[in-house]
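Shown next: protein_21.pdb, containing PDB, C-alpha atoms.
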```pdb
ATOM      1  CA  MET A   1       0.000   0.000   0.000  1.00  0.00           C
ATOM      2  CA  LYS A   2       1.252   3.480  -0.866  1.00  0.00           C
ATOM      3  CA  PRO A   3       1.896   5.640   2.271  1.00  0.00           C
ATOM      4  CA  LYS A   4      -0.894   8.111   2.994  1.00  0.00           C
ATOM      5  CA  ILE A   5      -0.335  11.873   2.813  1.00  0.00           C
ATOM      6  CA  MET A   6       0.206  13.341   6.277  1.00  0.00           C
ATOM      7  CA  MET A   7      -1.503  16.441   7.654  1.00  0.00           C
ATOM      8  CA  ASP A   8       0.557  19.621   7.351  1.00  0.00           C
ATOM      9  CA  ARG A   9       1.367  19.701  11.055  1.00  0.00           C
ATOM     10  CA  LEU A  10       2.799  16.166  10.944  1.00  0.00           C
ATOM     11  CA  GLU A  11       4.737  16.985   7.790  1.00  0.00           C
ATOM     12  CA  ALA A  12       6.222  19.989   9.599  1.00  0.00           C
ATOM     13  CA  VAL A  13       7.164  17.803  12.560  1.00  0.00           C
ATOM     14  CA  PHE A  14       8.750  15.285  10.193  1.00  0.00           C
ATOM     15  CA  SER A  15      10.895  18.064   8.708  1.00  0.00           C
ATOM     16  CA  ILE A  16      12.756  18.641  11.998  1.00  0.00           C
ATOM     17  CA  VAL A  17      13.262  14.996  12.985  1.00  0.00           C
ATOM     18  CA  PRO A  18      16.967  14.078  12.851  1.00  0.00           C
ATOM     19  CA  THR A  19      18.059  10.945  11.013  1.00  0.00           C
ATOM     20  CA  ALA A  20      18.734   8.143  13.487  1.00  0.00           C
ATOM     21  CA  ASP A  21      18.767   4.365  13.776  1.00  0.00           C
ATOM     22  CA  SER A  22      15.792   4.027  16.106  1.00  0.00           C
ATOM     23  CA  ILE A  23      12.992   6.491  16.917  1.00  0.00           C
ATOM     24  CA  ALA A  24       9.785   6.218  18.952  1.00  0.00           C
ATOM     25  CA  ASP A  25       6.558   7.792  17.731  1.00  0.00           C
ATOM     26  CA  ILE A  26       4.571   8.184  20.942  1.00  0.00           C
ATOM     27  CA  GLY A  27       0.858   8.767  20.506  1.00  0.00           C
ATOM     28  CA  THR A  28       1.205   7.313  17.018  1.00  0.00           C
ATOM     29  CA  ASP A  29      -2.564   7.350  16.333  1.00  0.00           C
ATOM     30  CA  HIS A  30      -2.965   5.808  12.850  1.00  0.00           C
ATOM     31  CA  GLY A  31       0.777   5.317  12.356  1.00  0.00           C
ATOM     32  CA  TYR A  32       1.206   7.734   9.456  1.00  0.00           C
ATOM     33  CA  LEU A  33       4.297   9.430  10.884  1.00  0.00           C
ATOM     34  CA  ALA A  34       5.862   6.107  11.886  1.00  0.00           C
ATOM     35  CA  VAL A  35       5.548   4.835   8.306  1.00  0.00           C
ATOM     36  CA  GLU A  36       7.013   8.038   6.852  1.00  0.00           C
ATOM     37  CA  LEU A  37      10.027   7.809   9.163  1.00  0.00           C
ATOM     38  CA  ILE A  38      10.914   4.496   7.565  1.00  0.00           C
ATOM     39  CA  SER A  39       9.754   5.215   4.012  1.00  0.00           C
ATOM     40  CA  ARG A  40      11.750   8.436   3.738  1.00  0.00           C
ATOM     41  CA  GLY A  41      14.868   7.200   5.493  1.00  0.00           C
ATOM     42  CA  LYS A  42      14.693   9.089   8.778  1.00  0.00           C
ATOM     43  CA  ALA A  43      14.923   5.878  10.798  1.00  0.00           C
ATOM     44  CA  LYS A  44      15.866   2.228  10.342  1.00  0.00           C
ATOM     45  CA  ARG A  45      13.513   1.118  13.077  1.00  0.00           C
ATOM     46  CA  VAL A  46      10.485   2.724  14.755  1.00  0.00           C
ATOM     47  CA  VAL A  47       8.564   1.982  17.927  1.00  0.00           C
ATOM     48  CA  ALA A  48       4.996   3.204  17.410  1.00  0.00           C
ATOM     49  CA  GLY A  49       3.324   3.558  20.796  1.00  0.00           C
ATOM     50  CA  ASP A  50      -0.204   4.515  21.819  1.00  0.00           C
ATOM     51  CA  VAL A  51      -2.116   4.262  25.078  1.00  0.00           C
ATOM     52  CA  HIS A  52      -5.401   3.621  23.257  1.00  0.00           C
ATOM     53  CA  LYS A  53      -6.126   0.192  21.775  1.00  0.00           C
ATOM     54  CA  GLY A  54      -8.323   1.394  18.877  1.00  0.00           C
ATOM     55  CA  PRO A  55      -5.784   3.773  17.287  1.00  0.00           C
ATOM     56  CA  LEU A  56      -2.975   1.278  17.842  1.00  0.00           C
ATOM     57  CA  GLU A  57      -4.902  -1.460  16.034  1.00  0.00           C
ATOM     58  CA  SER A  58      -5.451   0.999  13.182  1.00  0.00           C
ATOM     59  CA  ALA A  59      -1.709   1.753  13.151  1.00  0.00           C
ATOM     60  CA  LYS A  60      -0.887  -1.966  13.073  1.00  0.00           C
ATOM     61  CA  SER A  61      -3.175  -2.505  10.090  1.00  0.00           C
ATOM     62  CA  TYR A  62      -1.645   0.427   8.240  1.00  0.00           C
ATOM     63  CA  VAL A  63       1.908  -0.678   8.990  1.00  0.00           C
ATOM     64  CA  ASP A  64       1.106  -4.206   7.806  1.00  0.00           C
ATOM     65  CA  SER A  65      -0.490  -2.885   4.603  1.00  0.00           C
ATOM     66  CA  CYS A  66       2.724  -0.972   3.857  1.00  0.00           C
ATOM     67  CA  GLY A  67       4.816  -4.110   4.419  1.00  0.00           C
ATOM     68  CA  LEU A  68       6.765  -2.514   7.283  1.00  0.00           C
ATOM     69  CA  SER A  69       5.822  -4.644  10.290  1.00  0.00           C
ATOM     70  CA  HIS A  70       9.397  -5.993  10.426  1.00  0.00           C
ATOM     71  CA  VAL A  71      10.794  -2.499  11.144  1.00  0.00           C
ATOM     72  CA  ILE A  72       7.869  -0.787  12.914  1.00  0.00           C
ATOM     73  CA  ASP A  73       6.941  -2.287  16.268  1.00  0.00           C
ATOM     74  CA  CYS A  74       3.461  -1.174  17.415  1.00  0.00           C
ATOM     75  CA  ARG A  75       3.143  -1.257  21.207  1.00  0.00           C
ATOM     76  CA  LEU A  76       0.165  -0.593  23.468  1.00  0.00           C
ATOM     77  CA  GLY A  77       1.054   1.313  26.610  1.00  0.00           C
ATOM     78  CA  ASP A  78       1.793   4.529  28.452  1.00  0.00           C
ATOM     79  CA  GLY A  79       4.273   6.817  26.729  1.00  0.00           C
ATOM     80  CA  LEU A  80       7.918   5.771  26.709  1.00  0.00           C
ATOM     81  CA  LYS A  81       7.220   3.115  29.330  1.00  0.00           C
ATOM     82  CA  VAL A  82       6.636   0.779  26.382  1.00  0.00           C
ATOM     83  CA  THR A  83      10.334   1.090  25.457  1.00  0.00           C
ATOM     84  CA  GLU A  84      13.514  -0.305  26.949  1.00  0.00           C
ATOM     85  CA  LYS A  85      16.803   1.304  27.865  1.00  0.00           C
ATOM     86  CA  GLY A  86      19.267   1.330  24.998  1.00  0.00           C
ATOM     87  CA  GLU A  87      16.828   0.695  22.138  1.00  0.00           C
ATOM     88  CA  LEU A  88      16.130   4.304  21.053  1.00  0.00           C
ATOM     89  CA  ASN A  89      18.016   7.349  19.856  1.00  0.00           C
ATOM     90  CA  GLY A  90      15.079   9.735  20.060  1.00  0.00           C
ATOM     91  CA  ALA A  91      11.343  10.160  20.368  1.00  0.00           C
ATOM     92  CA  ILE A  92       8.511  12.203  18.875  1.00  0.00           C
ATOM     93  CA  CYS A  93       5.412  13.350  20.772  1.00  0.00           C
ATOM     94  CA  CYS A  94       2.627  15.268  19.028  1.00  0.00           C
ATOM     95  CA  GLY A  95      -0.807  16.572  19.883  1.00  0.00           C
ATOM     96  CA  MET A  96      -0.582  16.352  23.683  1.00  0.00           C
ATOM     97  CA  GLY A  97      -0.287  18.856  26.490  1.00  0.00           C
ATOM     98  CA  GLY A  98       3.160  20.022  27.523  1.00  0.00           C
ATOM     99  CA  PHE A  99       2.752  18.704  31.068  1.00  0.00           C
ATOM    100  CA  LEU A 100       1.923  15.234  29.755  1.00  0.00           C
ATOM    101  CA  MET A 101       4.909  15.353  27.409  1.00  0.00           C
ATOM    102  CA  ARG A 102       7.150  16.334  30.313  1.00  0.00           C
ATOM    103  CA  ASN A 103       5.886  13.318  32.256  1.00  0.00           C
ATOM    104  CA  ILE A 104       6.448  11.053  29.248  1.00  0.00           C
ATOM    105  CA  VAL A 105      10.075  12.206  29.019  1.00  0.00           C
ATOM    106  CA  LYS A 106      10.558  11.813  32.796  1.00  0.00           C
ATOM    107  CA  SER A 107       9.014   8.352  32.995  1.00  0.00           C
ATOM    108  CA  GLY A 108      10.989   6.834  30.129  1.00  0.00           C
ATOM    109  CA  PRO A 109      13.711   4.290  30.944  1.00  0.00           C
ATOM    110  CA  GLU A 110      16.396   6.859  30.065  1.00  0.00           C
ATOM    111  CA  LEU A 111      16.863  10.368  28.714  1.00  0.00           C
ATOM    112  CA  LEU A 112      17.228  10.019  24.952  1.00  0.00           C
ATOM    113  CA  GLU A 113      19.547  11.813  22.555  1.00  0.00           C
ATOM    114  CA  PHE A 114      16.756  13.969  21.137  1.00  0.00           C
ATOM    115  CA  TYR A 115      13.039  14.718  21.331  1.00  0.00           C
ATOM    116  CA  VAL A 116      10.750  16.338  18.777  1.00  0.00           C
ATOM    117  CA  LEU A 117       7.828  17.820  20.712  1.00  0.00           C
ATOM    118  CA  GLN A 118       4.612  19.497  19.576  1.00  0.00           C
ATOM    119  CA  PRO A 119       2.843  20.591  22.772  1.00  0.00           C
ATOM    120  CA  GLN A 120      -0.696  21.980  22.758  1.00  0.00           C
ATOM    121  CA  ASN A 121      -0.162  23.854  26.042  1.00  0.00           C
ATOM    122  CA  GLY A 122       2.317  24.064  28.914  1.00  0.00           C
ATOM    123  CA  GLN A 123       5.073  25.099  26.525  1.00  0.00           C
ATOM    124  CA  ALA A 124       7.031  27.127  29.081  1.00  0.00           C
ATOM    125  CA  GLU A 125       7.166  24.297  31.596  1.00  0.00           C
ATOM    126  CA  LEU A 126       8.143  21.761  28.943  1.00  0.00           C
ATOM    127  CA  ARG A 127      10.940  23.896  27.511  1.00  0.00           C
ATOM    128  CA  GLN A 128      12.243  24.683  30.997  1.00  0.00           C
ATOM    129  CA  TYR A 129      12.298  20.998  31.906  1.00  0.00           C
ATOM    130  CA  MET A 130      14.236  20.070  28.773  1.00  0.00           C
ATOM    131  CA  VAL A 131      16.828  22.810  29.263  1.00  0.00           C
ATOM    132  CA  ALA A 132      17.208  21.995  32.976  1.00  0.00           C
ATOM    133  CA  ASN A 133      17.914  18.379  32.062  1.00  0.00           C
ATOM    134  CA  GLY A 134      20.788  19.057  29.707  1.00  0.00           C
ATOM    135  CA  TYR A 135      19.108  19.668  26.349  1.00  0.00           C
ATOM    136  CA  GLU A 136      19.591  22.400  23.781  1.00  0.00           C
ATOM    137  CA  ILE A 137      16.494  23.548  21.926  1.00  0.00           C
ATOM    138  CA  VAL A 138      18.020  23.808  18.473  1.00  0.00           C
ATOM    139  CA  LYS A 139      15.017  24.293  16.180  1.00  0.00           C
ATOM    140  CA  GLU A 140      11.486  25.697  16.505  1.00  0.00           C
ATOM    141  CA  ILE A 141       8.802  25.874  13.821  1.00  0.00           C
ATOM    142  CA  ILE A 142       5.290  27.232  13.290  1.00  0.00           C
ATOM    143  CA  VAL A 143       2.824  25.591  10.923  1.00  0.00           C
ATOM    144  CA  ARG A 144      -0.765  26.295   9.936  1.00  0.00           C
ATOM    145  CA  ASP A 145      -3.002  23.264   9.531  1.00  0.00           C
ATOM    146  CA  MET A 146      -6.747  23.427   8.837  1.00  0.00           C
ATOM    147  CA  GLY A 147      -6.856  27.031  10.026  1.00  0.00           C
ATOM    148  CA  LYS A 148      -5.037  26.412  13.316  1.00  0.00           C
ATOM    149  CA  LEU A 149      -1.467  27.302  14.241  1.00  0.00           C
ATOM    150  CA  TYR A 150       0.861  24.760  15.796  1.00  0.00           C
ATOM    151  CA  THR A 151       4.437  24.973  17.028  1.00  0.00           C
ATOM    152  CA  ALA A 152       7.020  22.241  17.505  1.00  0.00           C
ATOM    153  CA  PHE A 153      10.638  22.083  18.603  1.00  0.00           C
ATOM    154  CA  LEU A 154      13.662  19.820  18.478  1.00  0.00           C
ATOM    155  CA  ALA A 155      15.654  19.356  21.700  1.00  0.00           C
ATOM    156  CA  VAL A 156      19.039  17.610  21.463  1.00  0.00           C
ATOM    157  CA  ARG A 157      21.069  16.458  24.453  1.00  0.00           C
ATOM    158  CA  GLN A 158      24.106  18.687  24.851  1.00  0.00           C
ATOM    159  CA  ASN A 159      26.691  15.904  24.780  1.00  0.00           C
ATOM    160  CA  VAL A 160      25.538  14.668  21.347  1.00  0.00           C
ATOM    161  CA  LEU A 161      24.969  17.983  19.566  1.00  0.00           C
ATOM    162  CA  SER A 162      27.812  17.431  17.104  1.00  0.00           C
ATOM    163  CA  GLN A 163      26.490  13.948  16.296  1.00  0.00           C
ATOM    164  CA  TYR A 164      23.368  15.616  14.894  1.00  0.00           C
ATOM    165  CA  GLY A 165      25.189  18.406  13.087  1.00  0.00           C
ATOM    166  CA  TYR A 166      24.967  21.193  15.686  1.00  0.00           C
ATOM    167  CA  ILE A 167      27.585  23.222  17.486  1.00  0.00           C
ATOM    168  CA  LYS A 168      27.173  25.741  20.284  1.00  0.00           C
ATOM    169  CA  GLU A 169      27.735  29.361  19.347  1.00  0.00           C
ATOM    170  CA  GLU A 170      30.626  29.968  21.742  1.00  0.00           C
ATOM    171  CA  ILE A 171      32.529  26.943  20.416  1.00  0.00           C
ATOM    172  CA  TYR A 172      31.899  27.920  16.794  1.00  0.00           C
ATOM    173  CA  SER A 173      33.246  31.401  17.528  1.00  0.00           C
ATOM    174  CA  GLY A 174      36.395  29.974  19.105  1.00  0.00           C
ATOM    175  CA  ALA A 175      39.324  27.904  17.982  1.00  0.00           C
ATOM    176  CA  GLU A 176      37.218  25.170  16.389  1.00  0.00           C
ATOM    177  CA  HIS A 177      35.557  27.559  13.918  1.00  0.00           C
ATOM    178  CA  ALA A 178      37.541  26.407  10.925  1.00  0.00           C
ATOM    179  CA  THR A 179      36.942  22.700  11.476  1.00  0.00           C
ATOM    180  CA  ASN A 180      33.223  23.025  12.247  1.00  0.00           C
ATOM    181  CA  SER A 181      32.108  25.360   9.475  1.00  0.00           C
ATOM    182  CA  SER A 182      29.541  22.824   8.220  1.00  0.00           C
ATOM    183  CA  MET A 183      27.783  22.606  11.580  1.00  0.00           C
ATOM    184  CA  LEU A 184      24.496  24.385  12.335  1.00  0.00           C
ATOM    185  CA  VAL A 185      25.219  26.966  15.017  1.00  0.00           C
ATOM    186  CA  VAL A 186      23.057  26.854  18.161  1.00  0.00           C
ATOM    187  CA  ALA A 187      22.430  30.229  19.796  1.00  0.00           C
ATOM    188  CA  ASP A 188      22.548  29.785  23.572  1.00  0.00           C
ATOM    189  CA  ILE A 189      19.310  31.698  24.191  1.00  0.00           C
ATOM    190  CA  TYR A 190      17.453  29.580  26.702  1.00  0.00           C
ATOM    191  CA  HIS A 191      20.214  29.005  29.236  1.00  0.00           C
ATOM    192  CA  ASN A 192      20.442  32.750  29.924  1.00  0.00           C
ATOM    193  CA  LEU A 193      16.702  33.437  29.745  1.00  0.00           C
ATOM    194  CA  ASP A 194      14.848  34.693  32.820  1.00  0.00           C
ATOM    195  CA  CYS A 195      12.524  31.976  34.113  1.00  0.00           C
ATOM    196  CA  ASN A 196       9.583  34.398  33.981  1.00  0.00           C
ATOM    197  CA  SER A 197      10.151  35.476  30.381  1.00  0.00           C
ATOM    198  CA  ILE A 198       7.187  34.952  28.071  1.00  0.00           C
ATOM    199  CA  LEU A 199       9.661  33.623  25.499  1.00  0.00           C
ATOM    200  CA  TRP A 200       9.542  30.265  27.284  1.00  0.00           C
ATOM    201  CA  SER A 201       5.910  30.032  26.167  1.00  0.00           C
ATOM    202  CA  VAL A 202       6.271  31.709  22.786  1.00  0.00           C
ATOM    203  CA  GLY A 203       9.576  30.229  21.666  1.00  0.00           C
ATOM    204  CA  ALA A 204      12.794  32.225  21.977  1.00  0.00           C
ATOM    205  CA  LEU A 205      14.216  30.870  18.709  1.00  0.00           C
ATOM    206  CA  LEU A 206      11.006  31.782  16.898  1.00  0.00           C
ATOM    207  CA  ALA A 207      11.207  35.285  18.348  1.00  0.00           C
ATOM    208  CA  ALA A 208      14.772  35.614  17.070  1.00  0.00           C
ATOM    209  CA  GLU A 209      14.016  34.213  13.606  1.00  0.00           C
ATOM    210  CA  LYS A 210      10.493  35.635  13.071  1.00  0.00           C
ATOM    211  CA  PRO A 211       9.397  33.107  10.420  1.00  0.00           C
ATOM    212  CA  ASP A 212       6.607  33.785   7.926  1.00  0.00           C
ATOM    213  CA  LEU A 213       3.752  32.969  10.319  1.00  0.00           C
ATOM    214  CA  TRP A 214       5.249  34.907  13.227  1.00  0.00           C
ATOM    215  CA  THR A 215       2.812  37.849  13.235  1.00  0.00           C
ATOM    216  CA  ASP A 216      -0.194  35.538  12.834  1.00  0.00           C
ATOM    217  CA  TYR A 217       1.118  33.412  15.698  1.00  0.00           C
ATOM    218  CA  ILE A 218       1.569  36.392  18.030  1.00  0.00           C
ATOM    219  CA  ASP A 219      -1.857  37.753  17.118  1.00  0.00           C
ATOM    220  CA  TYR A 220      -3.356  34.345  17.902  1.00  0.00           C
ATOM    221  CA  LEU A 221      -1.673  34.253  21.327  1.00  0.00           C
ATOM    222  CA  ILE A 222      -2.925  37.765  22.063  1.00  0.00           C
ATOM    223  CA  TYR A 223      -6.436  36.784  20.967  1.00  0.00           C
ATOM    224  CA  GLN A 224      -6.402  33.769  23.305  1.00  0.00           C
ATOM    225  CA  ARG A 225      -5.465  35.923  26.270  1.00  0.00           C
ATOM    226  CA  GLN A 226      -7.867  38.712  25.373  1.00  0.00           C
ATOM    227  CA  CYS A 227     -10.709  36.175  25.252  1.00  0.00           C
ATOM    228  CA  ALA A 228      -9.701  35.016  28.733  1.00  0.00           C
ATOM    229  CA  LEU A 229      -9.840  38.607  30.013  1.00  0.00           C
ATOM    230  CA  ASP A 230     -13.160  39.264  28.315  1.00  0.00           C
ATOM    231  CA  GLY A 231     -14.590  36.167  29.953  1.00  0.00           C
ATOM    232  CA  MET A 232     -13.700  37.282  33.459  1.00  0.00           C
ATOM    233  CA  THR A 233     -16.355  38.800  35.679  1.00  0.00           C
ATOM    234  CA  GLU A 234     -15.944  42.241  37.226  1.00  0.00           C
ATOM    235  CA  SER A 235     -14.989  40.630  40.529  1.00  0.00           C
ATOM    236  CA  LEU A 236     -11.978  38.991  38.862  1.00  0.00           C
ATOM    237  CA  ALA A 237     -10.726  42.185  37.211  1.00  0.00           C
ATOM    238  CA  HIS A 238      -8.430  43.012  40.138  1.00  0.00           C
ATOM    239  CA  THR A 239      -6.994  39.541  40.711  1.00  0.00           C
ATOM    240  CA  GLU A 240      -3.402  38.430  40.168  1.00  0.00           C
ATOM    241  CA  LYS A 241      -4.523  36.178  37.305  1.00  0.00           C
ATOM    242  CA  TYR A 242      -6.026  39.174  35.485  1.00  0.00           C
ATOM    243  CA  ARG A 243      -2.833  41.213  35.974  1.00  0.00           C
ATOM    244  CA  VAL A 244      -0.648  38.360  34.701  1.00  0.00           C
ATOM    245  CA  ILE A 245      -2.708  37.918  31.515  1.00  0.00           C
ATOM    246  CA  LYS A 246      -2.782  41.672  30.913  1.00  0.00           C
ATOM    247  CA  LYS A 247       1.011  41.800  31.309  1.00  0.00           C
ATOM    248  CA  GLU A 248       1.431  38.918  28.861  1.00  0.00           C
ATOM    249  CA  ILE A 249      -0.671  40.724  26.259  1.00  0.00           C
ATOM    250  CA  LEU A 250       1.578  43.774  26.511  1.00  0.00           C
ATOM    251  CA  GLU A 251       4.698  41.601  26.234  1.00  0.00           C
ATOM    252  CA  LEU A 252       3.283  39.817  23.186  1.00  0.00           C
ATOM    253  CA  GLU A 253       2.403  43.094  21.497  1.00  0.00           C
ATOM    254  CA  ALA A 254       6.015  44.176  21.941  1.00  0.00           C
ATOM    255  CA  LEU A 255       7.186  41.020  20.115  1.00  0.00           C
ATOM    256  CA  ARG A 256       5.323  41.786  16.892  1.00  0.00           C
TER     257      ARG A 256
END
```
What would the structure in this file look like if it were written as structure tokens?
Amino acid sequence: MKPKIMMDRLEAVFSIVPTADSIADIGTDHGYLAVELISRGKAKRVVAGDVHKGPLESAKSYVDSCGLSHVIDCRLGDGLKVTEKGELNGAICCGMGGFLMRNIVKSGPELLEFYVLQPQNGQAELRQYMVANGYEIVKEIIVRDMGKLYTAFLAVRQNVLSQYGYIKEEIYSGAEHATNSSMLVVADIYHNLDCNSILWSVGALLAAEKPDLWTDYIDYLIYQRQCALDGMTESLAHTEKYRVIKKEILELEALR
């Protein structure tokens, strides 16, 4: 069976997945991304995991129809708990909340070399957890799919950055510049970022790069917060929550 065309948001996620021997697709749903990882040479082996039996059975059927059951292992279970230490290079999580993704990373048998994450919320907490645990956020993207905006990012463990073609800015600027000219330079933005900065939620790399959908993305974030303010009763207008949201709107407006 010919692989099915993925939704734009999954195609965007695929675009930032590093090439590796073994990758987990957690929350695989129908298995489309897992199949593409093999079909387009991103991975030699994939673990496709899902906590729900129905979607996983659908993924199994799709994988079988593509003749890839020998290289894609579909497993029913909770996050990375379905995997074993030493069998993966990286993992992909899409379409979940940032807090759940953080728990999936924490509860895995080991911290992997990289993660591609597309959180629906809790972005600040997820990014902060990854940075605190020795990862560099090296790439962030925005994509529009069926009228909605999504973001995703690639986090690579610091001690394997060069293995995936990245080099930290301070090293690139130093003595190794000449021998690492082919590397993608990682700006050390997050490690010096105030823990209360809204850039943890928005994406500091996105703010620096301002890709094509940047203004639309910022306007969407402002709209979300303005709707929250508009929905508050008069009695809530003087609360700390109201002040925080109002402050975030002003900070977002300054990022346009």
Could you spell out the hits of the PyMOL selection byres ((chain A and resi 18) around 12) on the shown file, as number ranges by chain? A: 13-17, 19-23, 37, 40-43, 89-92, 113-116, 138-139, 153-156, 161, 163-166
Could you save those same residues with C-alpha atoms as a PDB file, in the coordinates of the input?
```pdb
ATOM      1  CA  VAL A  13       7.164  17.803  12.560  1.00  0.00           C
ATOM      2  CA  PHE A  14       8.750  15.285  10.193  1.00  0.00           C
ATOM      3  CA  SER A  15      10.895  18.064   8.708  1.00  0.00           C
ATOM      4  CA  ILE A  16      12.756  18.641  11.998  1.00  0.00           C
ATOM      5  CA  VAL A  17      13.262  14.996  12.985  1.00  0.00           C
ATOM      6  CA  THR A  19      18.059  10.945  11.013  1.00  0.00           C
ATOM      7  CA  ALA A  20      18.734   8.143  13.487  1.00  0.00           C
ATOM      8  CA  ASP A  21      18.767   4.365  13.776  1.00  0.00           C
ATOM      9  CA  SER A  22      15.792   4.027  16.106  1.00  0.00           C
ATOM     10  CA  ILE A  23      12.992   6.491  16.917  1.00  0.00           C
ATOM     11  CA  LEU A  37      10.027   7.809   9.163  1.00  0.00           C
ATOM     12  CA  ARG A  40      11.750   8.436   3.738  1.00  0.00           C
ATOM     13  CA  GLY A  41      14.868   7.200   5.493  1.00  0.00           C
ATOM     14  CA  LYS A  42      14.693   9.089   8.778  1.00  0.00           C
ATOM     15  CA  ALA A  43      14.923   5.878  10.798  1.00  0.00           C
ATOM     16  CA  ASN A  89      18.016   7.349  19.856  1.00  0.00           C
ATOM     17  CA  GLY A  90      15.079   9.735  20.060  1.00  0.00           C
ATOM     18  CA  ALA A  91      11.343  10.160  20.368  1.00  0.00           C
ATOM     19  CA  ILE A  92       8.511  12.203  18.875  1.00  0.00           C
ATOM     20  CA  GLU A 113      19.547  11.813  22.555  1.00  0.00           C
ATOM     21  CA  PHE A 114      16.756  13.969  21.137  1.00  0.00           C
ATOM     22  CA  TYR A 115      13.039  14.718  21.331  1.00  0.00           C
ATOM     23  CA  VAL A 116      10.750  16.338  18.777  1.00  0.00           C
ATOM     24  CA  VAL A 138      18.020  23.808  18.473  1.00  0.00           C
ATOM     25  CA  LYS A 139      15.017  24.293  16.180  1.00  0.00           C
ATOM     26  CA  PHE A 153      10.638  22.083  18.603  1.00  0.00           C
ATOM     27  CA  LEU A 154      13.662  19.820  18.478  1.00  0.00           C
ATOM     28  CA  ALA A 155      15.654  19.356  21.700  1.00  0.00           C
ATOM     29  CA  VAL A 156      19.039  17.610  21.463  1.00  0.00           C
ATOM     30  CA  LEU A 161      24.969  17.983  19.566  1.00  0.00           C
ATOM     31  CA  GLN A 163      26.490  13.948  16.296  1.00  0.00           C
ATOM     32  CA  TYR A 164      23.368  15.616  14.894  1.00  0.00           C
ATOM     33  CA  GLY A 165      25.189  18.406  13.087  1.00  0.00           C
ATOM     34  CA  TYR A 166      24.967  21.193  15.686  1.00  0.00           C
TER      35      TYR A 166
END
```
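Closest to Leu250 in chain A among A:Asp230, A:Glu170, A:Glu209, A:Asp219 is A:Asp219, based on all atoms listed in the file.
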On this structure, the PyMOL selection byres ((chain A and resi 141) around 6) would catch which residues? List them as a PDB file with C-alpha atoms, in the frame of the given file, sorted by chain and number.
```
ATOM      1  CA  GLU A 140      11.486  25.697  16.505  1.00  0.00           C
ATOM      2  CA  ILE A 142       5.290  27.232  13.290  1.00  0.00           C
ATOM      3  CA  THR A 151       4.437  24.973  17.028  1.00  0.00           C
ATOM      4  CA  ALA A 152       7.020  22.241  17.505  1.00  0.00           C
TER       5      ALA A 152
END
```
Just the residues within 8 Å of range 192-204 of chain A, please, counting all atoms listed in the file, with nothing from its chain fewer than 6 positions along; format it as a list of chain:residue names. A:Gly122, A:Gln123, A:Ala124, A:Glu125, A:Arg127, A:Gln128, A:Glu140, A:Glu248, A:Glu251, A:Leu252
I'd like to see the residues matched by the PyMOL selection byres ((chain A and resi 39) around 12) on this file, and ideally I'd get them as a ChimeraX atom specification. /A:1-4,14,32-38,40-46,63,66-68,71-72
Can you tell me which residues surround range 7-10 of chain A at a distance of at most 8 Å, considering all atoms listed in the file, apart from same-chain residues fewer than 5 positions away, and format the answer as a ChimeraX atom specification? /A:33,143-145,150
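If you measure from each of A:Ile222, A:Val160, A:Ala208, A:Ala48 to Leu112 in chain A using all atoms listed in the file, the closest one turns out to be A:Val160.
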How big is the axis-aligned box around the listed atoms of range 41-44 of chain A once 4 Å is added on each side, and where is its centre? Give both in Å to one decimal, as lines of an AutoDock Vina configuration file.
```
center_x = 15.3
center_y = 5.7
center_z = 8.1
size_x = 9.2
size_y = 14.9
size_z = 13.3
```
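Each of A:Val105, A:Ile167, A:Ile245, A:Ile137 was compared to Leu205 in chain A using all atoms listed in the file, and A:Ile137 turns out to be the nearest.
Between CA of Ser235 in chain A and CA of Asn121 in chain A the separation is 26.7 Å.
Counting all atoms listed in the file and comparing A:Arg225, A:Arg75, A:Lys106, A:Arg256, the residue that lies closest to Ala207 in chain A is A:Arg256.
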Quick one: residues within 8 Å of Lys85 in chain A, all atoms listed in the file, excluding same-chain residues fewer than 3 positions away - as a PyMOL selection string? chain A and resi 88+109-110
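For the pair CA of Met146 in chain A and CA of Ser61 in chain A, the interatomic distance is 26.2 Å.
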